[in-house]
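Let me begin by presenting the structure, written as structure tokens, before commenting on it.
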Amino acid sequence: MDFTFTEDQLMFREAISRFLMTEAAPETLREIWETADGRCPELRSQMATQGLTALSVPEDNGGLGMGDIAWSLMTQELGYYGIPDSLADTAYVGAGLFSALNDSVVGKGDYLTKICDGELRLAIGHESSPLVADAHLAEVLLLQHGDEVHLVPSEQISDVVNPSIDSSRRLSQVNWQATPETCIASGEAGEKIWNETLNRGALSVAGQLLGLAQRMLDLTVDYSVQRKQFGKEIGSFQAVKHHLADVAGKIEIAKPVLYRAACSLENNHPLSDIHVSQARNFCSEAAALAARHGIQIHGAMGYTWEVDLQMFMKRSWALNNTWGDNIFHKARVQDYVLNSDVDLAPSKTFEEA
Amino acid sequence: MELIFSPEQQSFRMEVRQWLAANVPKEKLPTYDTKAGFELHRQWERKLHEAGFSMVMWPKEYGGRGCDLTDWLIFEEEYYGAGAPGRVNQNGQLLLGSTLLEFGTPEQKSHFLPRMASSDDMWAQAWSEPNAGSDMANISSKAIRDGDHYVVNGQKTWSTRATYADWAFGLFRSEVGSKRHHGLSFLMVPLDAEGVTIRPIKALDGEDAFAEIFFDNVKVPVEHRIGDEGKGWHVAMATAGFERGLLLRSPARFQQPVRKLVKLYRDNKAYADRDPSIGVAVAKCWADAEAYALSAYNTVGRVGRGDKIGAESSLNKVFWSELDLLIHQTAMNILGSSGELLACAPLAEERAYWLEGFLFSQAGPIYAGANEIQRNIVAERVLGLPR
Ligand SMILES: Cc1cc2nc3c(=O)[nH]c(=O)nc-3n(C[C@H](O)[C@H](O)[C@H](O)COP(=O)(O)OP(=O)(O)OC[C@H]3O[C@@H](n4cnc5c(N)ncnc54)[C@H](O)[C@@H]3O)c2cc1C
């Protein structure tokens, strides 16, 4: 039993955090929003240099061979700095999907190497969502068709952009035709891959939501010691303190839930589905409360375009229903607790129920 | 990160499980808030101790088993899972015990800890006073040094199980004219000493669950002071940290009622589902209790790496006390009209388990530092907000 991260994992997180703090400041992100395709190739290649895109690519393909546990720290950083979808979808969820494919799939190794080097832009279309994030720039798309996994070159799709309230998101409706040529997995294997991919996507979102919650908390704490009313900092008023203490509480309790889910997914635990949804629920509750109390404590400032809170708040609202919406994740946990006949004894936390 | 138990941990679990299966009383013991029930619980504690299970995480020389905190969590899971009796001496064993281990002299440790492990001495906490509740630094009970002893005068209140306990520990003002958290000393006082008067207070259920303690020129030897004279606040804060932190409420303490709540719901599903919010609450109780367990294992891992449990233990306290409310309120909602029945009511059967827990859950957000105070602590010490 060891519920801690290795020094390497912690140091890597530290390094990525320091890098993003300078390279992905809110002003920079806002500038990227204004560009035509909303993405910044320089930032992506810098992140590759930092090793982020190599994190879970197998060592055989030049990567670092780490897994969901390491990513559970990184996704928090991506959330904290509001990094757009395509990085996590490609380097984490996409790398996971490619790794799960049969070795006979043509190009598997090349794609993984390209992910590792930060040279591949990938979009994943799962049937839990009618829209695909970052399809507009993707070189290839991994698309679900029932139990089939299709690897579709961008020339074979057309996409219709659907703007989101989160200005960093680029969502498309993708029109394409499933053909035997594009199908790279199907049947039981395909189903397993999609289920794992959905879990990985959900876990990626969970980590990002938790990072977003922490960012909103930090921004709000800062604001509450600058802003004065009635002759004192508003942060000295108890009603404000208690709002923020509650956000801190939601964040703290969500962390071990996220880490356990990551550990379960990495080790194919039979209850991965439940653990992932539990993590998603805890992280999304933390983000929702951080947003609500965040805007409340900012007063009218929080309702403006100018103040940065909006960037993180809106992203948290958007992510809250991606890679399985709230109803899906709540229902998965409820169904397990209410409709199974497992005896949920205290000793079952780490045992297979 | 590796979330599986080692073979040693598994076999420890099995050993505990088997012992409990053979030894846990088949009939629920009467409440320890009565004299007879208190003594029956003391006997149970002795039995636990003889088997080496009383204080598994204490060093062997003090009556423990020398286990680590992960083993302790395993023990707790088995203990609650088996429906074993409430730990009547836990305020001493878990709270004072930890304080003695950290701050006690070698003599204090070797005298008090073994007697606590075996429950030869039963302990009560004596912090609160009529004018020092949340504002504990307002303590006015005095302990004035006179040669090799202190002369104690004043009043403590809300002291859980002091009605029947042998000893009490708490803070007393040892420096005349000192203010707030300065000049306080941490003392252990025998409750049969001359000049001590105990007046029981009936709690919500009508039992003498706590008591007022009056001190009238009570002589307490200097050796019964823990830590330096006038530095008791520092020692006490460490105890308060243990209490709010890990030890006082192990996760299994909530996982077991959640397990029963899930069963209660499943057995009454059609009835309960007429209000869909009930199933939602049951699932939330499970997820929260599970999260609390994960957080405990995570904390144990971090403590093992040398981290200190700081002000975040206040978050723990808020979390478990609110979880306890939700568990029991949800059970009461499922029980409907039979929820109000006392254990002695012929129709109550096992349902009174919930009423008892429901009543006690109402105290959770108040004792061990009211939740409002915990939120203040988090805001000021974790988030750094101005006072
Ligand atoms: C079941 C039970 C067992 C107990 N056992 C023991 C024991 O063994 N030993 C012992 O010493 N004590 C014990 N206590 C006492 C307990 O520690 C106190 O009740 C607690 O510290 C609160 O103090 P109080 O009751 O005086 O409430 P008060 O301090 O009067 O508080 C009343 C209300 O005002 C709020 N409040 C007070 N100050 C502030 C503030 N600054 N900001 C915001 N809100 C505030 C509180 O949060 C609370 O809601 C026990 C209490 C209970 C209920």
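For the structure tokens, the naming scheme is as follows: chains receive sequential letters (A, B, ...) according to their order of presentation, residues are indexed from 1 within each chain, and ligands are indexed from 1 in presentation order.
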Item to complete: Find the residues around Lys28 in chain B up to 10 Å (only C-alpha atoms counted), leave out those fewer than 6 positions away in its own chain, and share them as a ChimeraX atom specification.
Response: /B:83-86
Practice prompt. Restrict the distance test to only C-alpha atoms, flag each residue of chain B within 7 Å of chain A, and return the flagged residues as a PyMOL selection string.
Written response: chain B and resi 1-6+77-78+81+252+255-256+259+262+266+279-280+283+287+290-291+294-295+297-298+301-302+315+375-376+378-379+385-387
Worksheet item: Which of range 46-164 of chain B counts as helix (DSSP H, G or I) under DSSP, as a PyMOL selection string please?
Response: chain B and resi 46-50+60-62+69-81+90-103+106-117+136-138
Worksheet entry | ligand 1 neighbours within 8 Å using only C-alpha atoms and all ligand atoms, as JSON, numbers by chain | {"A": [238], "B": [91, 124, 125, 126, 127, 128, 129, 130, 131, 132, 133, 134, 135, 136, 156, 157, 158, 159, 160, 161, 162, 170, 203, 209, 210, 360, 363, 364, 366, 367, 368, 369, 370, 371, 372, 373, 376]}
So that I have them on file, write out the residues from the current selection with C-alpha atoms, as a short mmCIF file (atom, residue, chain, number, x, y, z; two decimals), in the first residue's frame.
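Produced file again.cif, reproduced below:
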```
data_model
loop_
_atom_site.label_atom_id
_atom_site.label_comp_id
_atom_site.auth_asym_id
_atom_site.auth_seq_id
_atom_site.Cartn_x
_atom_site.Cartn_y
_atom_site.Cartn_z
CA GLN A 238 -16.41 35.52 7.67
CA ASN B 91 -10.58 10.09 24.12
CA ALA B 124 -12.03 12.17 30.01
CA GLN B 125 -11.10 15.40 28.22
CA ALA B 126 -11.46 18.62 30.18
CA TRP B 127 -10.95 21.61 27.91
CA SER B 128 -14.28 23.40 27.79
CA GLU B 129 -15.46 25.78 30.44
CA PRO B 130 -18.70 27.73 30.71
CA ASN B 131 -16.95 30.76 29.18
CA ALA B 132 -14.43 28.91 27.07
CA GLY B 133 -16.16 26.93 24.34
CA SER B 134 -15.11 27.85 20.85
CA ASP B 135 -12.94 30.47 22.49
CA MET B 136 -10.77 27.97 24.32
CA LYS B 156 -14.73 22.40 33.38
CA THR B 157 -17.79 21.32 31.44
CA TRP B 158 -19.07 19.03 28.68
CA SER B 159 -16.48 16.47 29.67
CA THR B 160 -17.49 13.28 27.84
CA ARG B 161 -17.73 10.22 30.08
CA ALA B 162 -16.26 12.14 33.04
CA GLY B 170 -6.91 19.54 29.98
CA ALA B 203 -27.37 14.60 26.78
CA ALA B 209 -23.02 11.32 28.49
CA PHE B 210 -20.95 14.22 29.75
CA PHE B 360 -25.13 11.77 17.88
CA ALA B 363 -23.22 16.85 17.79
CA GLY B 364 -20.50 16.18 15.21
CA ILE B 366 -20.21 21.10 17.32
CA TYR B 367 -17.68 19.02 19.27
CA ALA B 368 -13.95 18.83 18.56
CA GLY B 369 -14.11 22.49 17.51
CA ALA B 370 -17.31 23.75 15.89
CA ASN B 371 -17.34 23.65 12.09
CA GLU B 372 -17.55 27.43 11.85
CA ILE B 373 -14.26 27.62 13.73
CA ASN B 376 -12.10 30.07 9.98
#
```
Worksheet item: Near Gly38 in chain A, within 12 Å and counting only C-alpha atoms, which residues show up once chain neighbours fewer than 2 positions away are dropped, as a VMD selection string?
Response: chain A and resid 28 to 36 40 to 41 43 83 to 86 133 to 134 136 to 137 163 166 to 171
Discussion item. At a cut-off of 12 Å, using only C-alpha atoms, what residues contact Ser45 in chain A? Leave out same-chain residues fewer than 3 positions from it and give the result as a list in words.
Written reply: Glu23, Arg39, Cys40, Pro41, Glu42, Ala48, Thr49, Gln50, Gly51, Leu52, Thr53, Ala54, Leu87, Lys114, Ile115, Cys116, Asp117, Gly118, Glu119, Leu120 and Arg121 of chain A
Item to complete: Taking the chain letters and numbering used in this document, name the residues of range 83-321 of chain B that DSSP puts in strand (DSSP E or B), as a VMD selection string.
Response: chain B and resid 123 to 126 129 132 142 to 146 149 to 160 167 to 173 184 to 190 196 to 201 210 to 221 225 to 226 231
Practice prompt. Skip Leu341 in chain B itself and residues of its chain fewer than 4 positions away, then list as a PyMOL selection string all residues within 10 Å of it, counting only C-alpha atoms.
Written response: chain B and resi 337+345-349+351-352+354-355
Limited to all heavy atoms, could you put the picked residues into a file as a PDB file, in the first residue's frame?
```pdb
ATOM      1  N   SER B 337     -41.990   6.855   9.267  1.00  0.00           N
ATOM      2  CA  SER B 337     -42.659   7.033  10.562  1.00  0.00           C
ATOM      3  C   SER B 337     -42.083   6.149  11.667  1.00  0.00           C
ATOM      4  O   SER B 337     -42.326   6.395  12.828  1.00  0.00           O
ATOM      5  CB  SER B 337     -44.158   6.775  10.417  1.00  0.00           C
ATOM      6  OG  SER B 337     -44.346   5.424  10.061  1.00  0.00           O
ATOM      7  N   ALA B 345     -38.893   0.439  22.236  1.00  0.00           N
ATOM      8  CA  ALA B 345     -40.217   0.286  21.626  1.00  0.00           C
ATOM      9  C   ALA B 345     -40.318  -1.082  20.948  1.00  0.00           C
ATOM     10  O   ALA B 345     -39.403  -1.458  20.211  1.00  0.00           O
ATOM     11  CB  ALA B 345     -40.457   1.398  20.607  1.00  0.00           C
ATOM     12  N   PRO B 346     -41.403  -1.835  21.216  1.00  0.00           N
ATOM     13  CA  PRO B 346     -41.506  -3.183  20.643  1.00  0.00           C
ATOM     14  C   PRO B 346     -41.377  -3.193  19.120  1.00  0.00           C
ATOM     15  O   PRO B 346     -40.824  -4.130  18.549  1.00  0.00           O
ATOM     16  CB  PRO B 346     -42.902  -3.650  21.066  1.00  0.00           C
ATOM     17  CG  PRO B 346     -43.244  -2.829  22.261  1.00  0.00           C
ATOM     18  CD  PRO B 346     -42.539  -1.521  22.107  1.00  0.00           C
ATOM     19  N   LEU B 347     -41.837  -2.164  18.447  1.00  0.00           N
ATOM     20  CA  LEU B 347     -41.775  -2.163  16.989  1.00  0.00           C
ATOM     21  C   LEU B 347     -40.442  -1.652  16.425  1.00  0.00           C
ATOM     22  O   LEU B 347     -40.237  -1.656  15.225  1.00  0.00           O
ATOM     23  CB  LEU B 347     -42.924  -1.318  16.419  1.00  0.00           C
ATOM     24  CG  LEU B 347     -44.319  -1.945  16.479  1.00  0.00           C
ATOM     25  CD1 LEU B 347     -45.350  -1.010  15.859  1.00  0.00           C
ATOM     26  CD2 LEU B 347     -44.350  -3.302  15.774  1.00  0.00           C
ATOM     27  N   ALA B 348     -39.573  -1.184  17.325  1.00  0.00           N
ATOM     28  CA  ALA B 348     -38.350  -0.527  16.831  1.00  0.00           C
ATOM     29  C   ALA B 348     -37.386  -1.514  16.185  1.00  0.00           C
ATOM     30  O   ALA B 348     -36.800  -1.256  15.143  1.00  0.00           O
ATOM     31  CB  ALA B 348     -37.643   0.210  17.961  1.00  0.00           C
ATOM     32  N   GLU B 349     -37.221  -2.674  16.799  1.00  0.00           N
ATOM     33  CA  GLU B 349     -36.267  -3.688  16.346  1.00  0.00           C
ATOM     34  C   GLU B 349     -34.907  -3.054  16.094  1.00  0.00           C
ATOM     35  O   GLU B 349     -34.448  -2.248  16.893  1.00  0.00           O
ATOM     36  CB  GLU B 349     -36.808  -4.410  15.105  1.00  0.00           C
ATOM     37  CG  GLU B 349     -38.097  -5.165  15.437  1.00  0.00           C
ATOM     38  CD  GLU B 349     -38.868  -5.596  14.210  1.00  0.00           C
ATOM     39  OE1 GLU B 349     -38.373  -5.456  13.084  1.00  0.00           O
ATOM     40  OE2 GLU B 349     -39.999  -6.094  14.401  1.00  0.00           O
ATOM     41  N   ARG B 351     -34.077  -0.842  14.083  1.00  0.00           N
ATOM     42  CA  ARG B 351     -34.096   0.511  13.508  1.00  0.00           C
ATOM     43  C   ARG B 351     -33.521   1.562  14.447  1.00  0.00           C
ATOM     44  O   ARG B 351     -33.087   2.615  14.005  1.00  0.00           O
ATOM     45  CB  ARG B 351     -35.539   0.906  13.158  1.00  0.00           C
ATOM     46  CG  ARG B 351     -36.147   0.004  12.116  1.00  0.00           C
ATOM     47  CD  ARG B 351     -37.510   0.527  11.705  1.00  0.00           C
ATOM     48  NE  ARG B 351     -38.186  -0.451  10.888  1.00  0.00           N
ATOM     49  CZ  ARG B 351     -39.198  -1.192  11.323  1.00  0.00           C
ATOM     50  NH1 ARG B 351     -39.658  -1.038  12.562  1.00  0.00           N
ATOM     51  NH2 ARG B 351     -39.755  -2.069  10.530  1.00  0.00           N
ATOM     52  N   ALA B 352     -33.556   1.276  15.772  1.00  0.00           N
ATOM     53  CA  ALA B 352     -33.082   2.280  16.725  1.00  0.00           C
ATOM     54  C   ALA B 352     -31.598   2.594  16.538  1.00  0.00           C
ATOM     55  O   ALA B 352     -31.121   3.628  16.993  1.00  0.00           O
ATOM     56  CB  ALA B 352     -33.356   1.822  18.152  1.00  0.00           C
ATOM     57  N   TRP B 354     -30.360   3.595  13.939  1.00  0.00           N
ATOM     58  CA  TRP B 354     -30.308   4.834  13.152  1.00  0.00           C
ATOM     59  C   TRP B 354     -30.636   6.042  13.998  1.00  0.00           C
ATOM     60  O   TRP B 354     -30.017   7.094  13.845  1.00  0.00           O
ATOM     61  CB  TRP B 354     -31.253   4.735  11.952  1.00  0.00           C
ATOM     62  CG  TRP B 354     -30.798   3.699  10.972  1.00  0.00           C
ATOM     63  CD1 TRP B 354     -31.397   2.508  10.677  1.00  0.00           C
ATOM     64  CD2 TRP B 354     -29.610   3.750  10.174  1.00  0.00           C
ATOM     65  NE1 TRP B 354     -30.660   1.821   9.746  1.00  0.00           N
ATOM     66  CE2 TRP B 354     -29.560   2.556   9.413  1.00  0.00           C
ATOM     67  CE3 TRP B 354     -28.581   4.682  10.022  1.00  0.00           C
ATOM     68  CZ2 TRP B 354     -28.524   2.280   8.519  1.00  0.00           C
ATOM     69  CZ3 TRP B 354     -27.555   4.407   9.132  1.00  0.00           C
ATOM     70  CH2 TRP B 354     -27.536   3.214   8.390  1.00  0.00           C
ATOM     71  N   LEU B 355     -31.628   5.876  14.896  1.00  0.00           N
ATOM     72  CA  LEU B 355     -32.004   7.015  15.738  1.00  0.00           C
ATOM     73  C   LEU B 355     -30.824   7.425  16.621  1.00  0.00           C
ATOM     74  O   LEU B 355     -30.500   8.607  16.739  1.00  0.00           O
ATOM     75  CB  LEU B 355     -33.224   6.655  16.606  1.00  0.00           C
ATOM     76  CG  LEU B 355     -33.696   7.762  17.549  1.00  0.00           C
ATOM     77  CD1 LEU B 355     -34.131   8.997  16.763  1.00  0.00           C
ATOM     78  CD2 LEU B 355     -34.855   7.262  18.419  1.00  0.00           C
TER      79      LEU B 355
END
```
